[in-house]
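*Asks:* Following this message is one structure expressed as structure tokens.
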Amino acid sequence: MKSEQAEIIRRARDGDLEAFRQIHEEYGRRILNFIYRMLDSREDAEDLTQNVFLQAFHELGRLQNVERFESWLYRIARNEVYQLFRRRRGEATPHELLSPTQEGEHLDFEVRDERPTPQDSILNEELGEAIRRVLNSLPPKLREVFVLAVIHEKSYSEISDIVGRSLLSVKTDIFRARSHARKVLGKYLEVQR
Amino acid sequence: MRAAGDHPNNLFVLIDGDDTADKTYEELRKHVESCQECREEIRLLKSVDAVFRSREFEIDAPPFQWERIRTRLEESQPAMGWWERVYEAFKPRQLAWKFALGTLLAVVLSLSVLEYHRYIERNQFGALVAYSESERQRIESADNPFRSPSAAQTENPFTRFQIQDDRSNPFAIP
């Protein structure tokens with residue numbers, strides 16, 4: 001982390017709203033999209049992003065190491081997502097929710113339509129839809145590590161810090177999620193080549 | 001040399017580059033250099049990643065998001081823990097007037113206690129007042145500086161030094 005960023009975080013920690021605005025400018029979009037990928041709902045993502053930043057401002061005083069600010073912010077976002085899942089438990093969330101996936105356990109991905117479309121008909125909308133299908137078919141436990149690793153380009157150790165799981169567990173889940181994504185999206189991309 | 005598919009996290013390790021310290025990493029890298037099929041697979045995996053990372057599929061923050069956050073921040077005061085309240089109370093700038101107020105209260109309290117003690121030991125006419133036997137003993141003890149003067153003490157000190165004038169008054173009327 002750059003020293004200027006660390007300084008901004010320290011100022012925000014002392015209650016400087018302008019410094020906190022700069023933090024929001026820097027991380028707002030990332031957090032919004034992380035939540036969006038987790039929930040697949042723009043409205044929920046917008047609401048939760050607000051909650052994340054409110055909570056971050058109030059809890060910032062307890063953050064000892066400003067170098068770990070980003071991981072800490074993602075952890076708050078992740079907690080917000082899981083709280084929403086808990087509130088909506090039994091509605092539309094997958095049954096695997098919050099229950100740790102055992103090693104080697106069969107994952108029942110429910111991808112609705114995996115048929116590759118003809119090369120000339122693959123449009124961005126379809127690809128976007130395919131991305132959503134892949135993410136929605138992943139259990140949250142796999143989805144979060146996949147989003148963090150692939151979309152947010154976090155290192156394995158950062159992800160381990162954010163999700164609070166061992167490095168090995170994180171690596172295994174990323175591998176499983178990626179294999180699934182490759183299986184679904186590979187069909188589109190191979191057709192394109 | 002092992003084939004790429006034999007590795008537990010096979011080609012993803014190469015793409016992420018997080019596990020370069022892993023002993024299989026170098027072995028895998030060498031294998032990929034000489035394997036056309038693995039290189040094609042890596043290209044495909046990178047394309048999959050690129051699709052997911054594409055900003056085209058991201059959403060933008062809604063307008064005025066920061067303003068909404070700021071409004072909510074200004075409306076809500078952070079819930080302070082007891083340690084934060086203690087910290088706030090002992091901040092240097094808070095201490096000055098608290099010290100002054102505390103000193104004033106201490107002075108007023110001390111004066112009240114002194115006045116009370118003086119009151120219970122003397123009534124309004126200056127006589128000793130005892131509300132119990134033990135208190136009477138305490139008041140009358142020689143150690144009590146506020147003790148009422150006894151009859152012996154009330155003797156006029158000047159009487160002892162009164163000059164005995166034996167001379168007759170020359171102006172006296174015979």
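Please note that chains go A, B, ... in the order of the structure tokens, that every chain numbers its residues from 1, and that ligands are numbered from 1 in the order shown.
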Set the distance at 9 Å and use only C-alpha atoms: which residues neighbour Asn33 in chain A once local chain neighbours fewer than 6 positions away are removed? I'd like the list as a PyMOL selection string.
*Replies:* (chain A and resi 42+45) or (chain B and resi 58-61)
*Asks:* Residues of chain B within 10 Å of chain A, counting only C-alpha atoms, what are they? List them as an MDAnalysis selection string.
*Replies:* chainID B and resid 8:13 16:19 41 44:62 65:70 72:74 76:80 84
*Asks:* Excluding Ala6 in chain A and its own-chain neighbours fewer than 2 positions away, which residues fall within 10 Å of it when counting only C-alpha atoms? Please give them as number ranges by chain.
*Replies:* A: 1-4, 8-12, 65-69
*Asks:* Using only C-alpha atoms, can you tell me which of A:Leu84, A:Arg78, A:His180, A:Glu126 comes closest to Lys141 in chain A?
*Replies:*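 Selected residue with least distance to Lys141 in chain A: A:Arg78.
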*Asks:* Of the residues A:Glu80, A:Glu70, A:Asp161, A:Asp16, which is the one nearest to Ile35 in chain A, using only C-alpha atoms?
*Replies:*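 Ranked by minimum distance to Ile35 in chain A, first place goes to A:Glu80.
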*Asks:* By how many Å are CA of Asn136 in chain A and CA of Trp72 in chain A apart?
*Replies:*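 CA of Trp72 in chain A lies at a distance of 24.8 Å from CA of Asn136 in chain A.
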